[in-house]
Every structure is written in structure tokens, then in C-alpha cells.
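This is query-v8.cif. It holds mmCIF, C-alpha atoms.
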```
data_upload
#
loop_
_atom_site.label_atom_id
_atom_site.label_comp_id
_atom_site.auth_asym_id
_atom_site.auth_seq_id
_atom_site.Cartn_x
_atom_site.Cartn_y
_atom_site.Cartn_z
CA MET B 1 254.56 36.47 -23.36
CA GLU B 2 254.38 36.93 -19.60
CA GLN B 3 255.93 34.22 -17.45
CA THR B 4 253.98 31.06 -16.66
CA LEU B 5 252.43 31.44 -13.22
CA LEU B 6 250.46 28.18 -13.05
CA SER B 7 251.08 25.02 -15.02
CA ILE B 8 248.93 21.90 -15.06
CA GLU B 9 250.36 18.79 -16.72
CA HIS B 10 248.57 15.49 -17.38
CA LEU B 11 246.22 16.06 -14.44
CA LYS B 12 244.07 13.08 -13.49
CA LYS B 13 241.39 13.07 -10.81
CA SER B 14 239.01 10.26 -9.98
CA TYR B 15 236.61 9.20 -7.27
CA ASP B 16 237.07 5.43 -7.05
CA ASP B 17 236.45 4.19 -10.62
CA ASN B 18 234.81 7.42 -11.73
CA LEU B 19 237.31 9.47 -13.79
CA ILE B 20 236.52 13.18 -13.30
CA LEU B 21 239.56 14.83 -14.93
CA ASP B 22 241.33 13.01 -17.74
CA ASP B 23 244.81 14.23 -18.77
CA ILE B 24 244.25 17.98 -18.32
CA ASN B 25 247.02 20.31 -19.55
CA LEU B 26 246.81 24.06 -19.03
CA GLU B 27 249.20 26.99 -18.71
CA VAL B 28 248.22 30.26 -17.09
CA HIS B 29 250.50 33.26 -17.61
CA GLN B 30 250.90 36.23 -15.30
CA GLY B 31 248.01 38.68 -15.73
CA GLU B 32 245.98 36.28 -17.88
CA VAL B 33 242.27 35.60 -17.40
CA ILE B 34 241.26 32.07 -18.40
CA VAL B 35 237.58 31.16 -18.48
CA LEU B 36 236.44 27.54 -18.24
CA VAL B 37 233.12 26.78 -19.90
CA GLY B 38 231.17 23.59 -20.52
CA PRO B 39 228.18 21.62 -19.24
CA SER B 40 227.54 21.19 -15.51
CA GLY B 41 229.28 18.18 -13.98
CA CYS B 42 232.11 18.02 -16.52
CA GLY B 43 234.93 18.66 -14.03
CA LYS B 44 235.50 22.45 -14.13
CA SER B 45 234.89 23.10 -10.42
CA THR B 46 236.80 19.96 -9.43
CA MET B 47 239.80 21.28 -11.33
CA LEU B 48 239.74 24.53 -9.32
CA ARG B 49 239.62 22.52 -6.10
CA CYS B 50 242.63 20.47 -7.25
CA ILE B 51 244.61 23.66 -7.97
CA ASN B 52 244.49 24.78 -4.34
CA ALA B 53 244.83 21.22 -2.98
CA LEU B 54 241.29 21.00 -1.61
CA GLU B 55 241.11 17.73 -3.58
CA PRO B 56 243.91 15.13 -3.86
CA ILE B 57 244.88 14.19 -7.42
CA GLN B 58 245.61 10.75 -8.85
CA GLY B 59 248.08 11.71 -11.56
CA GLY B 60 250.02 14.54 -13.19
CA GLU B 61 251.16 17.69 -11.43
CA ILE B 62 250.17 21.27 -10.72
CA LYS B 63 252.85 23.92 -10.20
CA LEU B 64 252.62 27.53 -9.03
CA ASN B 65 255.72 29.51 -10.03
CA GLY B 66 257.49 26.19 -10.56
CA GLU B 67 256.62 24.89 -7.08
CA LYS B 68 254.62 21.68 -6.96
CA ILE B 69 251.23 21.92 -5.25
CA ASP B 70 250.87 18.80 -3.16
CA PRO B 71 248.86 18.40 0.08
CA LYS B 72 251.86 16.48 1.50
CA ASN B 73 254.29 19.37 0.89
CA LYS B 74 255.47 20.99 4.10
CA ASN B 75 254.96 24.43 2.53
CA ILE B 76 251.40 23.73 1.28
CA ALA B 77 249.89 26.31 3.69
CA GLU B 78 252.18 28.99 2.22
CA LEU B 79 251.35 28.00 -1.35
CA ARG B 80 247.62 28.01 -0.59
CA GLN B 81 247.85 31.63 0.57
CA LYS B 82 248.93 32.56 -2.96
CA ILE B 83 245.81 31.00 -4.49
CA GLY B 84 242.61 32.88 -3.67
CA MET B 85 239.29 31.11 -4.19
CA VAL B 86 235.78 32.50 -4.33
CA PHE B 87 233.06 29.87 -4.00
CA GLN B 88 229.53 29.77 -5.36
CA SER B 89 228.15 29.58 -1.81
CA TYR B 90 230.19 32.51 -0.33
CA GLU B 91 231.44 30.48 2.70
CA LEU B 92 231.23 33.45 5.09
CA PHE B 93 231.17 32.80 8.85
CA PRO B 94 227.61 33.71 9.97
CA HIS B 95 228.65 34.72 13.53
CA LEU B 96 231.26 37.26 12.32
CA THR B 97 230.65 40.72 10.89
CA VAL B 98 231.63 41.48 7.30
CA LEU B 99 234.84 43.17 8.46
CA ASP B 100 235.77 40.34 10.85
CA ASN B 101 235.20 37.77 8.09
CA ILE B 102 237.67 39.67 5.90
CA LEU B 103 240.28 40.23 8.65
CA LEU B 104 240.35 36.68 10.00
CA ALA B 105 242.86 35.16 7.55
CA PRO B 106 245.21 38.17 7.14
CA MET B 107 245.56 38.44 10.92
CA LYS B 108 245.55 34.76 11.94
CA VAL B 109 247.38 33.23 8.98
CA GLN B 110 249.60 36.05 7.75
CA LYS B 111 250.03 37.63 11.21
CA ARG B 112 249.39 41.12 9.85
CA LYS B 113 248.69 44.06 12.15
CA LYS B 114 245.00 44.77 12.66
CA GLU B 115 245.25 48.48 11.76
CA GLU B 116 246.97 47.80 8.45
CA ALA B 117 244.67 44.90 7.47
CA GLU B 118 241.56 46.87 8.49
CA LYS B 119 242.61 49.89 6.44
CA GLU B 120 243.03 47.70 3.35
CA ALA B 121 239.77 45.84 4.00
CA MET B 122 237.82 49.10 4.29
CA ALA B 123 239.40 50.44 1.07
CA LEU B 124 238.39 47.26 -0.76
CA LEU B 125 234.86 47.35 0.69
CA GLU B 126 234.62 50.96 -0.49
CA ARG B 127 235.71 49.86 -3.95
CA VAL B 128 232.94 47.24 -4.19
CA GLY B 129 230.34 49.64 -2.77
CA LEU B 130 229.96 47.96 0.63
CA ALA B 131 231.88 50.17 3.09
CA GLU B 132 228.69 50.89 5.02
CA LYS B 133 228.11 47.13 5.54
CA ALA B 134 231.40 46.54 7.42
CA LYS B 135 229.64 45.98 10.76
CA SER B 136 226.72 43.98 9.30
CA TYR B 137 226.41 40.20 9.55
CA PRO B 138 226.12 37.93 6.49
CA ARG B 139 222.41 37.26 7.20
CA GLN B 140 221.75 40.99 6.69
CA LEU B 141 223.21 40.97 3.17
CA SER B 142 221.81 40.00 -0.21
CA GLY B 143 223.45 37.19 -2.18
CA GLY B 144 225.25 39.67 -4.43
CA GLN B 145 226.59 41.60 -1.44
CA LYS B 146 227.84 38.39 0.21
CA GLN B 147 229.63 37.44 -2.99
CA ARG B 148 231.33 40.84 -3.19
CA VAL B 149 232.45 40.43 0.44
CA ALA B 150 233.86 36.98 -0.44
CA ILE B 151 235.85 38.57 -3.29
CA VAL B 152 237.22 41.27 -0.94
CA ARG B 153 238.18 38.56 1.57
CA ALA B 154 240.16 36.74 -1.14
CA LEU B 155 241.86 39.94 -2.35
CA CYS B 156 242.90 40.90 1.19
CA MET B 157 245.25 37.89 1.25
CA HIS B 158 247.22 39.33 -1.72
CA PRO B 159 246.93 36.15 -3.83
CA GLU B 160 248.99 35.63 -6.98
CA ILE B 161 246.04 33.97 -8.72
CA LEU B 162 242.29 34.07 -8.06
CA LEU B 163 239.91 31.17 -8.77
CA PHE B 164 236.20 31.91 -9.24
CA ASP B 165 233.83 28.94 -9.07
CA GLU B 166 230.52 29.88 -10.75
CA VAL B 167 230.23 32.85 -8.40
CA THR B 168 227.00 34.13 -9.98
CA ALA B 169 225.21 30.77 -10.29
CA ALA B 170 223.29 31.10 -7.01
CA LEU B 171 222.38 34.79 -7.47
CA ASP B 172 219.16 36.42 -8.60
CA PRO B 173 219.58 37.87 -12.11
CA GLU B 174 219.54 41.47 -10.87
CA MET B 175 222.47 40.72 -8.50
CA VAL B 176 224.73 39.22 -11.19
CA GLY B 177 225.80 42.52 -12.81
CA GLY B 178 227.30 43.99 -9.63
CA VAL B 179 229.46 40.92 -8.98
CA LEU B 180 230.64 40.71 -12.61
CA ASP B 181 231.55 44.43 -12.51
CA VAL B 182 233.86 43.76 -9.55
CA ILE B 183 235.56 40.87 -11.40
CA ARG B 184 235.96 43.07 -14.52
CA SER B 185 237.62 45.75 -12.41
CA ILE B 186 240.05 43.22 -10.84
CA ALA B 187 240.89 41.92 -14.34
CA LYS B 188 241.76 45.49 -15.42
CA ASP B 189 244.21 45.65 -12.48
CA GLY B 190 246.09 42.72 -14.05
CA MET B 191 245.10 40.01 -11.55
CA THR B 192 245.67 36.48 -12.88
CA MET B 193 242.36 34.58 -12.77
CA ILE B 194 240.69 31.30 -13.67
CA ILE B 195 236.93 31.71 -13.88
CA VAL B 196 234.31 28.97 -14.17
CA THR B 197 231.13 30.56 -15.53
CA HIS B 198 228.04 30.02 -17.64
CA GLU B 199 227.82 33.76 -18.46
CA MET B 200 228.94 33.65 -22.09
CA ASN B 201 228.94 37.38 -22.85
CA PHE B 202 230.99 38.02 -19.73
CA ALA B 203 233.40 35.19 -20.67
CA ARG B 204 233.92 36.72 -24.12
CA GLU B 205 234.52 40.18 -22.71
CA VAL B 206 236.85 39.42 -19.78
CA SER B 207 239.01 36.49 -20.90
CA ASN B 208 242.29 36.13 -22.79
CA GLN B 209 241.70 32.40 -23.25
CA VAL B 210 238.62 30.17 -23.09
CA ALA B 211 238.89 26.43 -22.42
CA PHE B 212 235.88 24.27 -23.26
CA PHE B 213 235.44 21.28 -20.95
CA ASP B 214 233.39 18.16 -21.49
CA GLU B 215 233.51 14.77 -19.78
CA GLY B 216 236.67 15.63 -17.87
CA LYS B 217 238.71 16.78 -20.87
CA ILE B 218 239.60 20.15 -22.39
CA LEU B 219 238.21 19.66 -25.89
CA GLU B 220 239.04 23.11 -27.25
CA GLN B 221 241.08 26.09 -26.14
CA GLY B 222 241.60 29.45 -27.77
CA THR B 223 240.89 33.17 -27.73
CA PRO B 224 237.30 34.20 -26.92
CA GLN B 225 236.84 35.21 -30.57
#
```
Go ahead and express the file in the form of C-alpha cells.
Amino acid sequence: MEQTLLSIEHLKKSYDDNLILDDINLEVHQGEVIVLVGPSGCGKSTMLRCINALEPIQGGEIKLNGEKIDPKNKNIAELRQKIGMVFQSYELFPHLTVLDNILLAPMKVQKRKKEEAEKEAMALLERVGLAEKAKSYPRQLSGGQKQRVAIVRALCMHPEILLFDEVTAALDPEMVGGVLDVIRSIAKDGMTMIIVTHEMNFAREVSNQVAFFDEGKILEQGTPQ
């Protein structure tokens, strides 16, 4: 088996007295695609936000390559760069072009040269069928196009693991296929991913493991079959 990239042990998350995640344990190996399924509001998206320290946790621990993910860690910014996240609502800056949205983090955070980052960004936009939209603004794109741009933006940071939070939930049905095709293609490249989705056929096709959530617990975990 490939090495463990991400490990979650006895994770607890609550808002005041409201327990959201209750003793979650999960291991993600290099190159594995894990899909989280279950009813809305059962804690799946919250777990993704805990993994990249967008949410503080109240118990247990999360480790990436053996390093503890903790907002108080002095190297948390570095660790966060290794965890890409694609949100349901795209989170693109409306005043920046598609290309500038993608280049912002590689240049500002990773201090990469513009020419090199731009070359990679354009190659990735080409791959998702959006090279001609590089100079467009988010308002000029459809929901499916914005989501593909958000995926390119995450990939441009060279993450070790990618988190997808119900990325097709806000899309019109005819837009869903294009976004799922991009995720399939990334999976074939061997990218490690955790995907929250309600698309059951897609979950069966793309995942190595499926974890079924309900009421803040993983009730069942196994192969898609």
C-alpha cells in the first residue's frame, strides 16, 4: 500500500454545545481518491475545512505526512499550501481576470516567477478547455467555467492533496459533466483527493474508498463496490 499522506485520529469538532464531528478516524494514502457521502448537514464539509485549518478543532489530530496541522503551528502557512481546496462557491476575485486569479497565490505566496507560473496556468487552462477565457472576468463565465478555473487555481499551487467540497452542487445539470470530467482526469494523474459529493455514479467510478457520514460520524467505509 502507498504511504499514508493524511491521517485523521479521533477528530472532534463542535460549535458551543453542538457536536459536529464525533471521533472521526480516516487514513488517506498517496494517490488515493476518497469520496465522502451522506445527508446534507452531517459534517462532511466541516471536516474538509478542519483538514486545512480553516476551522479550529476541539479534539484529536490531523497530520499531513506526519506533520500536525494546527492553526497555532508556525509552519501552518507552508502546510496549507500543500492542501488545495475547491469550494462550492468558486471564491474567485471578481475584479481580477481568470489568469490573474490563478497567478495570485503562486506569485505572492510561493514567490514564483511570473513567466513560469503563467506558462503553467495557460497549459492547465488549455487542458480544461478554457485557454481562450484567460483574459475574461469571472462575471463573464458560466458556473461550470468558474468551477474549472477554481480547480486550475488549486492545481497551480502544486498541492499534495486536493479537497473538493460539493463542487457541482451549485451548477446547472448541463454544467456538471464538464467539471466531473476534469476531476476524473486529475484522478488518472494520481492526485490524492478527498471529494464531498452527492453524485453517486461519479463517486462509484472515481473513488478507491467511500466513507458514509451521518450525524458527525463515519458509519461505514469501504470500496465503492
Problem - Result set of the PyMOL selection byres ((chain B and resi 207-221) around 10) on the coordinates above, as a PyMOL selection string - result: chain B and resi 11-14+19-26+28+31-44+46-47+184+187+193-196+202-206+222-225
Exercise for the section: Kindly give the distance, in Å, that separates CA of Asp100 in chain B and CA of Leu141 in chain B, rounded to a single decimal. Expected result: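 Atom-to-atom, CA of Asp100 in chain B and CA of Leu141 in chain B are spaced 14.7 Å apart.
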Exercise for the section: Tell me which protein, DNA and RNA residues are within 7 Å of Gln88 in chain B, counting all atoms listed in the file, leaving out same-chain ones fewer than 3 positions away, and put them as a VMD selection string. Expected result: chain B and resid 165 to 170
Exercise for the section: For CA of Val176 in chain B and CA of Leu130 in chain B, quote the distance in Å rounded to one decimal. Expected result: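 Separating CA of Val176 in chain B from CA of Leu130 in chain B is a distance of 15.6 Å.
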Handout entry: Using only C-alpha atoms: which of B:Ser142, B:Ser185, B:Gln58, B:Gln30 has the shortest distance to Arg127 in chain B
Key =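 Of B:Ser142, B:Ser185, B:Gln58, B:Gln30, the one nearest Arg127 in chain B, counting only C-alpha atoms, is B:Ser185.
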Handout entry: Pick from B:Glu120, B:Asp181, B:Glu67, B:Glu132 nearest to Val98 in chain B, counting all atoms listed in the file
Key =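 Closest to Val98 in chain B, using all atoms listed in the file: B:Glu132.
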Exercise for the section: One decimal, Å: what's the distance from CA of Ile8 in chain B over to CA of Gly66 in chain B, could you say? Expected result: 10.6 Å
